[in-house]
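File shown: model.cif. Contents: mmCIF, C-alpha atoms; chains and numbers go by the auth columns.
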data_target
#
loop_
_atom_site.group_PDB
_atom_site.id
_atom_site.type_symbol
_atom_site.label_atom_id
_atom_site.label_comp_id
_atom_site.label_asym_id
_atom_site.label_seq_id
_atom_site.Cartn_x
_atom_site.Cartn_y
_atom_site.Cartn_z
_atom_site.B_iso_or_equiv
_atom_site.auth_seq_id
_atom_site.auth_asym_id
ATOM 1 C CA MET A 1 36.056 -1.493 77.460 0.00 1 A
ATOM 2 C CA ARG A 2 32.457 -1.297 76.182 0.00 2 A
ATOM 3 C CA ILE A 3 32.755 -4.764 74.655 0.00 3 A
ATOM 4 C CA LEU A 4 34.118 -6.223 77.915 0.00 4 A
ATOM 5 C CA THR A 5 31.330 -4.591 79.916 0.00 5 A
ATOM 6 C CA PHE A 6 28.707 -5.914 77.472 0.00 6 A
ATOM 7 C CA LEU A 7 30.109 -9.453 77.658 0.00 7 A
ATOM 8 C CA ALA A 8 30.253 -9.343 81.439 0.00 8 A
ATOM 9 C CA CYS A 9 26.627 -8.234 81.675 0.00 9 A
ATOM 10 C CA LEU A 10 25.580 -10.886 79.180 0.00 10 A
ATOM 11 C CA PHE A 11 27.441 -13.590 81.106 0.00 11 A
ATOM 12 C CA LEU A 12 25.785 -12.627 84.368 0.00 12 A
ATOM 13 C CA THR A 13 22.338 -13.313 82.935 0.00 13 A
ATOM 14 C CA PHE A 14 23.137 -16.970 82.200 0.00 14 A
ATOM 15 C CA PRO A 15 23.200 -18.330 85.791 0.00 15 A
ATOM 16 C CA ALA A 16 19.743 -16.858 86.466 0.00 16 A
ATOM 17 C CA TRP A 17 18.381 -18.780 83.479 0.00 17 A
ATOM 18 C CA ALA A 18 20.125 -22.001 84.487 0.00 18 A
ATOM 19 C CA GLU A 19 19.005 -21.852 88.141 0.00 19 A
ATOM 20 C CA LYS A 20 15.478 -20.504 87.949 0.00 20 A
ATOM 21 C CA ALA A 21 13.916 -21.624 84.701 0.00 21 A
ATOM 22 C CA LYS A 22 14.523 -24.149 81.981 0.00 22 A
ATOM 23 C CA PRO A 23 13.560 -23.823 78.331 0.00 23 A
ATOM 24 C CA PHE A 24 10.549 -25.614 76.945 0.00 24 A
ATOM 25 C CA ILE A 25 11.112 -27.597 73.780 0.00 25 A
ATOM 26 C CA PHE A 26 8.551 -29.298 71.561 0.00 26 A
ATOM 27 C CA LYS A 27 10.293 -31.533 69.001 0.00 27 A
ATOM 28 C CA PRO A 28 8.695 -33.316 66.042 0.00 28 A
ATOM 29 C CA SER A 29 9.017 -37.073 66.340 0.00 29 A
ATOM 30 C CA GLY A 30 10.659 -39.121 63.604 0.00 30 A
ATOM 31 C CA GLY A 31 12.176 -37.792 60.420 0.00 31 A
ATOM 32 C CA LYS A 32 15.606 -36.339 59.953 0.00 32 A
ATOM 33 C CA GLY A 33 17.064 -33.042 61.109 0.00 33 A
ATOM 34 C CA PRO A 34 18.182 -30.429 61.305 0.00 34 A
ATOM 35 C CA ARG A 35 14.821 -28.883 62.107 0.00 35 A
ATOM 36 C CA PRO A 36 13.723 -25.256 61.669 0.00 36 A
ATOM 37 C CA VAL A 37 13.081 -23.287 64.851 0.00 37 A
ATOM 38 C CA ALA A 38 9.969 -21.444 66.030 0.00 38 A
ATOM 39 C CA LEU A 39 11.195 -19.306 68.920 0.00 39 A
ATOM 40 C CA TRP A 40 8.812 -17.892 71.526 0.00 40 A
ATOM 41 C CA LEU A 41 9.624 -14.497 73.089 0.00 41 A
ATOM 42 C CA HIS A 42 7.564 -13.925 76.230 0.00 42 A
ATOM 43 C CA GLY A 43 6.134 -10.685 77.570 0.00 43 A
ATOM 44 C CA TYR A 44 7.421 -8.375 80.302 0.00 44 A
ATOM 45 C CA ARG A 45 7.868 -10.028 83.705 0.00 45 A
ATOM 46 C CA GLY A 46 6.898 -13.411 82.405 0.00 46 A
ATOM 47 C CA TYR A 47 8.353 -16.802 81.691 0.00 47 A
ATOM 48 C CA SER A 48 6.863 -20.128 82.538 0.00 48 A
ATOM 49 C CA PRO A 49 6.412 -23.085 80.224 0.00 49 A
ATOM 50 C CA GLU A 50 3.648 -24.247 82.571 0.00 50 A
ATOM 51 C CA GLY A 51 2.003 -20.839 82.498 0.00 51 A
ATOM 52 C CA TYR A 52 2.024 -20.446 78.732 0.00 52 A
ATOM 53 C CA PHE A 53 1.429 -24.026 77.639 0.00 53 A
ATOM 54 C CA PRO A 54 0.002 -26.011 80.575 0.00 54 A
ATOM 55 C CA GLY A 55 -1.561 -29.453 80.318 0.00 55 A
ATOM 56 C CA ALA A 56 -3.719 -29.718 77.224 0.00 56 A
ATOM 57 C CA LYS A 57 -2.005 -26.697 75.645 0.00 57 A
ATOM 58 C CA ALA A 58 1.344 -28.467 75.968 0.00 58 A
ATOM 59 C CA GLU A 59 -0.126 -31.442 74.139 0.00 59 A
ATOM 60 C CA ALA A 60 -1.512 -29.074 71.525 0.00 60 A
ATOM 61 C CA MET A 61 1.867 -27.404 71.037 0.00 61 A
ATOM 62 C CA GLN A 62 3.483 -30.797 70.564 0.00 62 A
ATOM 63 C CA LYS A 63 0.949 -31.464 67.817 0.00 63 A
ATOM 64 C CA GLN A 64 1.812 -28.073 66.325 0.00 64 A
ATOM 65 C CA ALA A 65 5.482 -29.054 66.239 0.00 65 A
ATOM 66 C CA GLU A 66 4.562 -32.278 64.443 0.00 66 A
ATOM 67 C CA SER A 67 2.390 -30.344 61.992 0.00 67 A
ATOM 68 C CA ILE A 68 4.928 -27.712 61.018 0.00 68 A
ATOM 69 C CA GLY A 69 7.989 -29.959 61.272 0.00 69 A
ATOM 70 C CA ALA A 70 9.807 -27.403 63.417 0.00 70 A
ATOM 71 C CA VAL A 71 11.146 -27.331 66.967 0.00 71 A
ATOM 72 C CA ILE A 72 9.170 -24.919 69.140 0.00 72 A
ATOM 73 C CA ILE A 73 11.390 -23.361 71.813 0.00 73 A
ATOM 74 C CA GLY A 74 10.970 -20.815 74.576 0.00 74 A
ATOM 75 C CA PHE A 75 13.325 -19.622 77.306 0.00 75 A
ATOM 76 C CA PRO A 76 13.479 -16.723 79.784 0.00 76 A
ATOM 77 C CA ALA A 77 14.597 -13.293 78.644 0.00 77 A
ATOM 78 C CA THR A 78 17.943 -11.567 79.057 0.00 78 A
ATOM 79 C CA THR A 79 17.420 -9.960 82.446 0.00 79 A
ATOM 80 C CA ASP A 80 16.237 -11.635 85.645 0.00 80 A
ATOM 81 C CA LEU A 81 14.329 -9.211 87.881 0.00 81 A
ATOM 82 C CA GLY A 82 15.042 -11.097 91.109 0.00 82 A
ATOM 83 C CA ASP A 83 11.476 -12.205 91.770 0.00 83 A
ATOM 84 C CA GLY A 84 11.309 -15.158 89.412 0.00 84 A
ATOM 85 C CA THR A 85 10.330 -13.003 86.431 0.00 85 A
ATOM 86 C CA GLN A 86 12.358 -11.728 83.498 0.00 86 A
ATOM 87 C CA GLN A 87 12.387 -9.006 80.879 0.00 87 A
ATOM 88 C CA TRP A 88 14.124 -8.380 77.580 0.00 88 A
ATOM 89 C CA SER A 89 16.719 -5.630 77.398 0.00 89 A
ATOM 90 C CA GLU A 90 14.979 -4.083 74.356 0.00 90 A
ATOM 91 C CA LYS A 91 18.469 -3.507 72.961 0.00 91 A
ATOM 92 C CA PRO A 92 18.591 -5.492 69.699 0.00 92 A
ATOM 93 C CA ALA A 93 22.320 -6.255 69.899 0.00 93 A
ATOM 94 C CA THR A 94 22.045 -7.555 73.474 0.00 94 A
ATOM 95 C CA ASP A 95 18.888 -9.604 72.927 0.00 95 A
ATOM 96 C CA HIS A 96 20.219 -11.017 69.645 0.00 96 A
ATOM 97 C CA ALA A 97 23.529 -12.109 71.198 0.00 97 A
ATOM 98 C CA TYR A 98 21.704 -13.734 74.119 0.00 98 A
ATOM 99 C CA ILE A 99 19.231 -15.594 71.912 0.00 99 A
ATOM 100 C CA GLN A 100 21.897 -16.846 69.533 0.00 100 A
ATOM 101 C CA ALA A 101 24.018 -18.073 72.457 0.00 101 A
ATOM 102 C CA GLN A 102 21.081 -19.981 73.966 0.00 102 A
ATOM 103 C CA LEU A 103 20.125 -21.545 70.642 0.00 103 A
ATOM 104 C CA LYS A 104 23.700 -22.640 69.963 0.00 104 A
ATOM 105 C CA GLU A 105 23.816 -24.255 73.393 0.00 105 A
ATOM 106 C CA LEU A 106 20.522 -26.071 72.799 0.00 106 A
ATOM 107 C CA ALA A 107 21.749 -27.175 69.365 0.00 107 A
ATOM 108 C CA LYS A 108 24.349 -29.326 71.115 0.00 108 A
ATOM 109 C CA THR A 109 21.595 -31.740 72.118 0.00 109 A
ATOM 110 C CA VAL A 110 18.734 -30.884 69.709 0.00 110 A
ATOM 111 C CA ASP A 111 19.258 -31.001 65.939 0.00 111 A
ATOM 112 C CA LEU A 112 18.372 -27.401 65.060 0.00 112 A
ATOM 113 C CA ASP A 113 18.691 -25.557 61.769 0.00 113 A
ATOM 114 C CA LEU A 114 19.862 -22.172 63.017 0.00 114 A
ATOM 115 C CA HIS A 115 19.581 -20.742 59.513 0.00 115 A
ATOM 116 C CA LYS A 116 15.795 -21.161 59.653 0.00 116 A
ATOM 117 C CA ILE A 117 14.385 -19.293 62.636 0.00 117 A
ATOM 118 C CA ALA A 118 10.889 -17.827 62.928 0.00 118 A
ATOM 119 C CA LEU A 119 10.066 -15.640 65.934 0.00 119 A
ATOM 120 C CA PHE A 120 6.723 -15.322 67.680 0.00 120 A
ATOM 121 C CA GLY A 121 6.325 -12.935 70.573 0.00 121 A
ATOM 122 C CA PHE A 122 3.689 -11.317 72.752 0.00 122 A
ATOM 123 C CA SER A 123 3.697 -7.818 74.293 0.00 123 A
ATOM 124 C CA GLN A 124 7.342 -6.964 75.075 0.00 124 A
ATOM 125 C CA GLY A 125 8.298 -10.167 73.279 0.00 125 A
ATOM 126 C CA GLY A 126 6.378 -8.982 70.221 0.00 126 A
ATOM 127 C CA LEU A 127 8.259 -5.688 70.195 0.00 127 A
ATOM 128 C CA VAL A 128 11.596 -7.486 70.592 0.00 128 A
ATOM 129 C CA ALA A 129 10.699 -9.971 67.844 0.00 129 A
ATOM 130 C CA ALA A 130 9.981 -7.115 65.430 0.00 130 A
ATOM 131 C CA ASP A 131 13.140 -5.218 66.292 0.00 131 A
ATOM 132 C CA LEU A 132 15.355 -8.300 66.039 0.00 132 A
ATOM 133 C CA ALA A 133 13.907 -9.472 62.736 0.00 133 A
ATOM 134 C CA THR A 134 14.350 -6.039 61.167 0.00 134 A
ATOM 135 C CA THR A 135 17.868 -5.559 62.522 0.00 135 A
ATOM 136 C CA TYR A 136 19.098 -9.074 61.736 0.00 136 A
ATOM 137 C CA PRO A 137 17.092 -10.247 58.689 0.00 137 A
ATOM 138 C CA GLU A 138 19.915 -12.654 57.830 0.00 138 A
ATOM 139 C CA SER A 139 19.200 -14.505 61.106 0.00 139 A
ATOM 140 C CA TYR A 140 15.387 -14.404 61.347 0.00 140 A
ATOM 141 C CA LEU A 141 12.919 -15.199 58.572 0.00 141 A
ATOM 142 C CA GLY A 142 10.159 -13.086 60.083 0.00 142 A
ATOM 143 C CA ALA A 143 7.868 -12.970 63.091 0.00 143 A
ATOM 144 C CA ILE A 144 4.401 -13.203 64.557 0.00 144 A
ATOM 145 C CA ILE A 145 4.099 -9.903 66.421 0.00 145 A
ATOM 146 C CA MET A 146 1.269 -10.024 68.975 0.00 146 A
ATOM 147 C CA SER A 147 0.086 -6.924 70.866 0.00 147 A
ATOM 148 C CA PRO A 148 3.555 -5.336 70.941 0.00 148 A
ATOM 149 C CA GLY A 149 4.507 -3.128 73.871 0.00 149 A
ATOM 150 C CA GLY A 150 7.662 -2.121 75.649 0.00 150 A
ATOM 151 C CA VAL A 151 9.484 0.029 78.161 0.00 151 A
ATOM 152 C CA THR A 152 11.795 2.011 75.898 0.00 152 A
ATOM 153 C CA GLY A 153 9.764 2.098 72.696 0.00 153 A
ATOM 154 C CA PRO A 154 10.343 0.486 69.292 0.00 154 A
ATOM 155 C CA HIS A 155 13.841 0.151 67.852 0.00 155 A
ATOM 156 C CA PRO A 156 13.356 -1.350 64.388 0.00 156 A
ATOM 157 C CA SER A 157 16.066 -1.109 61.785 0.00 157 A
ATOM 158 C CA ARG A 158 15.482 1.643 59.255 0.00 158 A
ATOM 159 C CA GLU A 159 18.172 0.355 56.908 0.00 159 A
ATOM 160 C CA ARG A 160 16.575 -1.601 54.082 0.00 160 A
ATOM 161 C CA LYS A 161 18.424 -4.820 53.221 0.00 161 A
ATOM 162 C CA PRO A 162 17.803 -7.378 50.428 0.00 162 A
ATOM 163 C CA GLU A 163 16.827 -10.015 53.036 0.00 163 A
ATOM 164 C CA HIS A 164 13.884 -7.910 54.181 0.00 164 A
ATOM 165 C CA ALA A 165 12.047 -8.611 50.920 0.00 165 A
ATOM 166 C CA LYS A 166 11.999 -12.329 51.762 0.00 166 A
ATOM 167 C CA GLN A 167 10.659 -11.887 55.285 0.00 167 A
ATOM 168 C CA VAL A 168 7.072 -12.586 56.372 0.00 168 A
ATOM 169 C CA PHE A 169 5.345 -10.897 59.306 0.00 169 A
ATOM 170 C CA PHE A 170 1.973 -11.150 61.043 0.00 170 A
ATOM 171 C CA CYS A 171 1.056 -8.086 63.125 0.00 171 A
ATOM 172 C CA LEU A 172 -1.859 -8.908 65.436 0.00 172 A
ATOM 173 C CA CYS A 173 -3.693 -7.098 68.228 0.00 173 A
ATOM 174 C CA GLY A 174 -7.101 -6.743 69.808 0.00 174 A
ATOM 175 C CA ALA A 175 -8.805 -3.695 68.320 0.00 175 A
ATOM 176 C CA GLU A 176 -9.911 -2.553 71.797 0.00 176 A
ATOM 177 C CA GLU A 177 -6.594 -3.122 73.569 0.00 177 A
ATOM 178 C CA HIS A 178 -4.656 -0.208 75.013 0.00 178 A
ATOM 179 C CA PRO A 179 -4.054 2.447 72.340 0.00 179 A
ATOM 180 C CA SER A 180 -0.293 2.041 72.741 0.00 180 A
ATOM 181 C CA ASN A 181 -0.483 -1.648 71.783 0.00 181 A
ATOM 182 C CA VAL A 182 -2.773 -0.923 68.853 0.00 182 A
ATOM 183 C CA GLY A 183 -0.573 1.973 67.769 0.00 183 A
ATOM 184 C CA LEU A 184 2.608 -0.117 67.850 0.00 184 A
ATOM 185 C CA THR A 185 0.905 -2.880 65.866 0.00 185 A
ATOM 186 C CA LYS A 186 -0.009 -0.389 63.157 0.00 186 A
ATOM 187 C CA PHE A 187 3.437 1.224 63.300 0.00 187 A
ATOM 188 C CA TYR A 188 5.273 -2.054 62.782 0.00 188 A
ATOM 189 C CA ALA A 189 2.926 -3.195 60.007 0.00 189 A
ATOM 190 C CA LYS A 190 3.480 0.046 58.102 0.00 190 A
ATOM 191 C CA HIS A 191 7.232 0.175 58.710 0.00 191 A
ATOM 192 C CA LEU A 192 7.832 -3.455 57.796 0.00 192 A
ATOM 193 C CA GLU A 193 5.873 -3.214 54.574 0.00 193 A
ATOM 194 C CA GLN A 194 6.564 0.308 53.320 0.00 194 A
ATOM 195 C CA ALA A 195 10.044 1.074 54.662 0.00 195 A
ATOM 196 C CA LEU A 196 11.601 -2.397 54.508 0.00 196 A
ATOM 197 C CA GLY A 197 9.598 -4.146 51.794 0.00 197 A
ATOM 198 C CA ALA A 198 8.637 -7.228 53.808 0.00 198 A
ATOM 199 C CA LYS A 199 5.415 -9.205 53.339 0.00 199 A
ATOM 200 C CA VAL A 200 2.996 -8.163 56.092 0.00 200 A
ATOM 201 C CA THR A 201 -0.416 -9.306 57.264 0.00 201 A
ATOM 202 C CA MET A 202 -2.067 -7.120 59.913 0.00 202 A
ATOM 203 C CA LYS A 203 -5.210 -8.023 61.816 0.00 203 A
ATOM 204 C CA LEU A 204 -6.954 -6.055 64.548 0.00 204 A
ATOM 205 C CA TYR A 205 -9.476 -8.330 66.267 0.00 205 A
ATOM 206 C CA SER A 206 -12.809 -6.546 66.517 0.00 206 A
ATOM 207 C CA GLY A 207 -14.253 -6.360 70.024 0.00 207 A
ATOM 208 C CA VAL A 208 -11.144 -7.814 71.692 0.00 208 A
ATOM 209 C CA ALA A 209 -9.886 -5.699 74.623 0.00 209 A
ATOM 210 C CA LYS A 210 -7.950 -8.250 76.669 0.00 210 A
ATOM 211 C CA HIS A 211 -4.158 -8.000 76.436 0.00 211 A
ATOM 212 C CA ALA A 212 -3.520 -11.593 75.427 0.00 212 A
ATOM 213 C CA ARG A 213 -2.569 -13.735 72.494 0.00 213 A
ATOM 214 C CA PRO A 214 -5.137 -13.668 69.658 0.00 214 A
ATOM 215 C CA PRO A 215 -8.246 -15.779 70.232 0.00 215 A
ATOM 216 C CA ASP A 216 -7.418 -17.891 67.161 0.00 216 A
ATOM 217 C CA PHE A 217 -3.728 -18.309 68.066 0.00 217 A
ATOM 218 C CA MET A 218 -3.771 -22.092 68.495 0.00 218 A
ATOM 219 C CA GLU A 219 -5.769 -22.533 65.289 0.00 219 A
ATOM 220 C CA LYS A 220 -3.725 -20.196 63.100 0.00 220 A
ATOM 221 C CA PHE A 221 -0.250 -20.693 64.553 0.00 221 A
ATOM 222 C CA PRO A 222 0.770 -23.527 62.168 0.00 222 A
ATOM 223 C CA ASP A 223 -0.253 -21.490 59.120 0.00 223 A
ATOM 224 C CA TRP A 224 1.517 -18.353 60.343 0.00 224 A
ATOM 225 C CA ILE A 225 4.766 -20.094 61.269 0.00 225 A
ATOM 226 C CA SER A 226 4.759 -22.221 58.112 0.00 226 A
ATOM 227 C CA ALA A 227 4.381 -19.088 55.980 0.00 227 A
ATOM 228 C CA ILE A 228 7.378 -17.516 57.722 0.00 228 A
ATOM 229 C CA LEU A 229 9.562 -20.615 57.456 0.00 229 A
ATOM 230 C CA ALA A 230 8.639 -20.983 53.783 0.00 230 A
ATOM 231 C CA ALA A 231 10.580 -17.769 53.157 0.00 231 A
ATOM 232 C CA ALA A 232 13.771 -19.827 53.461 0.00 232 A
ATOM 233 C CA LYS A 233 12.947 -21.844 50.335 0.00 233 A
#
What does this structure look like when you write it as structure tokens?
Amino acid sequence: MRILTFLACLFLTFPAWAEKAKPFIFKPSGGKGPRPVALWLHGYRGYSPEGYFPGAKAEAMQKQAESIGAVIIGFPATTDLGDGTQQWSEKPATDHAYIQAQLKELAKTVDLDLHKIALFGFSQGGLVAADLATTYPESYLGAIIMSPGGVTGPHPSRERKPEHAKQVFFCLCGAEEHPSNVGLTKFYAKHLEQALGAKVTMKLYSGVAKHARPPDFMEKFPDWISAILAAAK
């Protein structure tokens, strides 16, 4: 009964995605696939390809895709809130099943290597990225975790697996952001490195108080994602 209820709830989220928002996809031109995936996980009550990567930023992200040789993808979270915004469930099993289903659907038309997935998320998306990568290290090579925050708190895996040693993480936050965001950034960095044995880089940006992606995000993104994807080699 629990499985049927879970599947029913998961199914009901799909029409909201199809009707209200489409994924954004930046694909490298030329070359042969399948291509690795850099998957964006948005923050609470937020999804808009125009809002995150408008105009010149969209052009910049296309250049990033060319640079790293990966397909950059983003789509709305598991739960539609009825006002055009979405949130993640913060339940690793639910979010993982949803993400994998969406990627498999996209892979029907885009040549994706679903064995090479790097996550990058902000705020609630950062928390979800960390929890998913720790719980399913066989599915995700690591993550860029930016200013993590959530509704229910962190749910990282505490079971150390061999795949964790191959993972790469970047834990980033403004040093003057809300203490909860700074605290979660430190928590994940410590847990990922000491409890799970992953490779972790943490940076708290001095003087930065705004809850936003790091000021050097566009500059550093190719290096961060490339380092994560390199873990598959």
Quiz item: What gap, in Å, lies between atom CA of Ala209 of chain A and atom CA of Leu184 of chain A?
Solution: 15.3 Å
Practice problem: Work out how far apart atom CA of Ile228 of chain A and atom CA of Leu39 of chain A are and give it in Å to one decimal. | Solution: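 Distance between the two atoms: 12.0 Å.
The coordinates place atom CA of Gln124 of chain A at 23.3 Å from atom CA of Leu106 of chain A.
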Quiz item: At most 12 Å from (15.5, -7.3, 78.8), file frame, only C-alpha atoms: which residues, as a PyMOL selection string?
Solution: chain A and resi 9-10+13+41-46+76-81+85-96+98-99+124-125+127-128+150-152
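Counting all atoms listed in the file, the residue from A:Asp83, A:Asp113, A:Glu105, A:Glu219 that sits nearest to Gln64 of chain A is A:Glu219.
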Quiz item: So which residues touch Ser139 of chain A within 8 Å, counting all atoms listed in the file, skipping near sequence neighbours fewer than 2 positions away, as number ranges by chain?
Solution: A: 114-117, 133, 136-137, 141
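Remark: for Gln167 of chain A, the closest of the candidate residues A:Ser147, A:Gln100, A:Gln194, A:Thr134 is A:Thr134 (distances computed over all atoms listed in the file).
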Quiz item: Between A:Val200, A:Asp111, A:Gln102, A:Lys166, which one has atoms that come closest to Ala130 of chain A, using only C-alpha atoms?
Solution: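 So, comparing all the options, the nearest one is A:Val200.
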Could you state which residues are captured by the PyMOL selection byres ((chain A and resi 226) around 12) in this file, as a PDB file with C-alpha atoms, in the coordinates of the input?
ATOM      1  CA  PRO A  36      13.723 -25.256  61.669  1.00  0.00           C
ATOM      2  CA  VAL A  37      13.081 -23.287  64.851  1.00  0.00           C
ATOM      3  CA  ALA A  38       9.969 -21.444  66.030  1.00  0.00           C
ATOM      4  CA  GLN A  64       1.812 -28.073  66.325  1.00  0.00           C
ATOM      5  CA  ALA A  65       5.482 -29.054  66.239  1.00  0.00           C
ATOM      6  CA  GLU A  66       4.562 -32.278  64.443  1.00  0.00           C
ATOM      7  CA  SER A  67       2.390 -30.344  61.992  1.00  0.00           C
ATOM      8  CA  ILE A  68       4.928 -27.712  61.018  1.00  0.00           C
ATOM      9  CA  GLY A  69       7.989 -29.959  61.272  1.00  0.00           C
ATOM     10  CA  ALA A  70       9.807 -27.403  63.417  1.00  0.00           C
ATOM     11  CA  LYS A 116      15.795 -21.161  59.653  1.00  0.00           C
ATOM     12  CA  ILE A 117      14.385 -19.293  62.636  1.00  0.00           C
ATOM     13  CA  ALA A 118      10.889 -17.827  62.928  1.00  0.00           C
ATOM     14  CA  LEU A 119      10.066 -15.640  65.934  1.00  0.00           C
ATOM     15  CA  PHE A 120       6.723 -15.322  67.680  1.00  0.00           C
ATOM     16  CA  LEU A 141      12.919 -15.199  58.572  1.00  0.00           C
ATOM     17  CA  GLY A 142      10.159 -13.086  60.083  1.00  0.00           C
ATOM     18  CA  ALA A 143       7.868 -12.970  63.091  1.00  0.00           C
ATOM     19  CA  ILE A 144       4.401 -13.203  64.557  1.00  0.00           C
ATOM     20  CA  VAL A 168       7.072 -12.586  56.372  1.00  0.00           C
ATOM     21  CA  PHE A 169       5.345 -10.897  59.306  1.00  0.00           C
ATOM     22  CA  PHE A 170       1.973 -11.150  61.043  1.00  0.00           C
ATOM     23  CA  LYS A 220      -3.725 -20.196  63.100  1.00  0.00           C
ATOM     24  CA  PHE A 221      -0.250 -20.693  64.553  1.00  0.00           C
ATOM     25  CA  PRO A 222       0.770 -23.527  62.168  1.00  0.00           C
ATOM     26  CA  ASP A 223      -0.253 -21.490  59.120  1.00  0.00           C
ATOM     27  CA  TRP A 224       1.517 -18.353  60.343  1.00  0.00           C
ATOM     28  CA  ILE A 225       4.766 -20.094  61.269  1.00  0.00           C
ATOM     29  CA  ALA A 227       4.381 -19.088  55.980  1.00  0.00           C
ATOM     30  CA  ILE A 228       7.378 -17.516  57.722  1.00  0.00           C
ATOM     31  CA  LEU A 229       9.562 -20.615  57.456  1.00  0.00           C
ATOM     32  CA  ALA A 230       8.639 -20.983  53.783  1.00  0.00           C
ATOM     33  CA  ALA A 231      10.580 -17.769  53.157  1.00  0.00           C
ATOM     34  CA  ALA A 232      13.771 -19.827  53.461  1.00  0.00           C
ATOM     35  CA  LYS A 233      12.947 -21.844  50.335  1.00  0.00           C
TER      36      LYS A 233
END
Quiz item: A:Asn181, A:Gln62, A:Ser157, A:Thr109: which is nearest Ile145 of chain A, counting all atoms listed in the file?
Solution: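 Among the listed residues, A:Asn181 lies closest to Ile145 of chain A.
Near (13.7, -3.8, 61.0), the residues that fall inside 9 Å on the basis of all atoms listed in the file are Ala130, Asp131, Leu132, Ala133, Thr134, Thr135, Tyr136, Pro137, His155, Pro156, Ser157, Arg158, Glu159, Arg160, His164, Tyr188, His191, Leu192, Ala195 and Leu196 of chain A.
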Quiz item: Of the candidates A:His211, A:Lys108, A:Lys63, A:Lys186, which one gets nearest to Ser29 of chain A if we count all atoms listed in the file?
Solution: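 Comparing A:His211, A:Lys108, A:Lys63, A:Lys186 against Ser29 of chain A, the winner is A:Lys63.
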Quiz item: So which one's closest to Ala129 of chain A, A:Met146, A:Ala165, A:Ala189, A:Ile72? Using all atoms listed in the file, please.
Solution: A:Met146
Quiz prompt | Residues matched by the PyMOL selection byres ((chain A and resi 204) around 10) as a ChimeraX atom specification | solution = /A:147,171-177,182,185-186,202-203,205-208,214
How about saving the chosen residues, C-alpha atoms kept, as a PDB file, keeping the file's coordinate frame?
ATOM      1  CA  SER A 147       0.086  -6.924  70.866  1.00  0.00           C
ATOM      2  CA  CYS A 171       1.056  -8.086  63.125  1.00  0.00           C
ATOM      3  CA  LEU A 172      -1.859  -8.908  65.436  1.00  0.00           C
ATOM      4  CA  CYS A 173      -3.693  -7.098  68.228  1.00  0.00           C
ATOM      5  CA  GLY A 174      -7.101  -6.743  69.808  1.00  0.00           C
ATOM      6  CA  ALA A 175      -8.805  -3.695  68.320  1.00  0.00           C
ATOM      7  CA  GLU A 176      -9.911  -2.553  71.797  1.00  0.00           C
ATOM      8  CA  GLU A 177      -6.594  -3.122  73.569  1.00  0.00           C
ATOM      9  CA  VAL A 182      -2.773  -0.923  68.853  1.00  0.00           C
ATOM     10  CA  THR A 185       0.905  -2.880  65.866  1.00  0.00           C
ATOM     11  CA  LYS A 186      -0.009  -0.389  63.157  1.00  0.00           C
ATOM     12  CA  MET A 202      -2.067  -7.120  59.913  1.00  0.00           C
ATOM     13  CA  LYS A 203      -5.210  -8.023  61.816  1.00  0.00           C
ATOM     14  CA  TYR A 205      -9.476  -8.330  66.267  1.00  0.00           C
ATOM     15  CA  SER A 206     -12.809  -6.546  66.517  1.00  0.00           C
ATOM     16  CA  GLY A 207     -14.253  -6.360  70.024  1.00  0.00           C
ATOM     17  CA  VAL A 208     -11.144  -7.814  71.692  1.00  0.00           C
ATOM     18  CA  PRO A 214      -5.137 -13.668  69.658  1.00  0.00           C
TER      19      PRO A 214
END
Box along x, y and z, 5 Å on every side, all listed atoms of segment 209-223 of chain A inside: centre and edge lengths in Å to one decimal, as lines of an AutoDock Vina configuration file.
center_x = -4.6
center_y = -14.6
center_z = 67.9
size_x = 20.7
size_y = 27.8
size_z = 27.5
Practice problem: Show which residues sit within 7 Å of Phe75 of chain A, as a list in words. Count only C-alpha atoms, and ignore same-chain residues fewer than 4 positions away. | Solution: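 Returned residues: Lys22, Pro23 and Phe24 of chain A.
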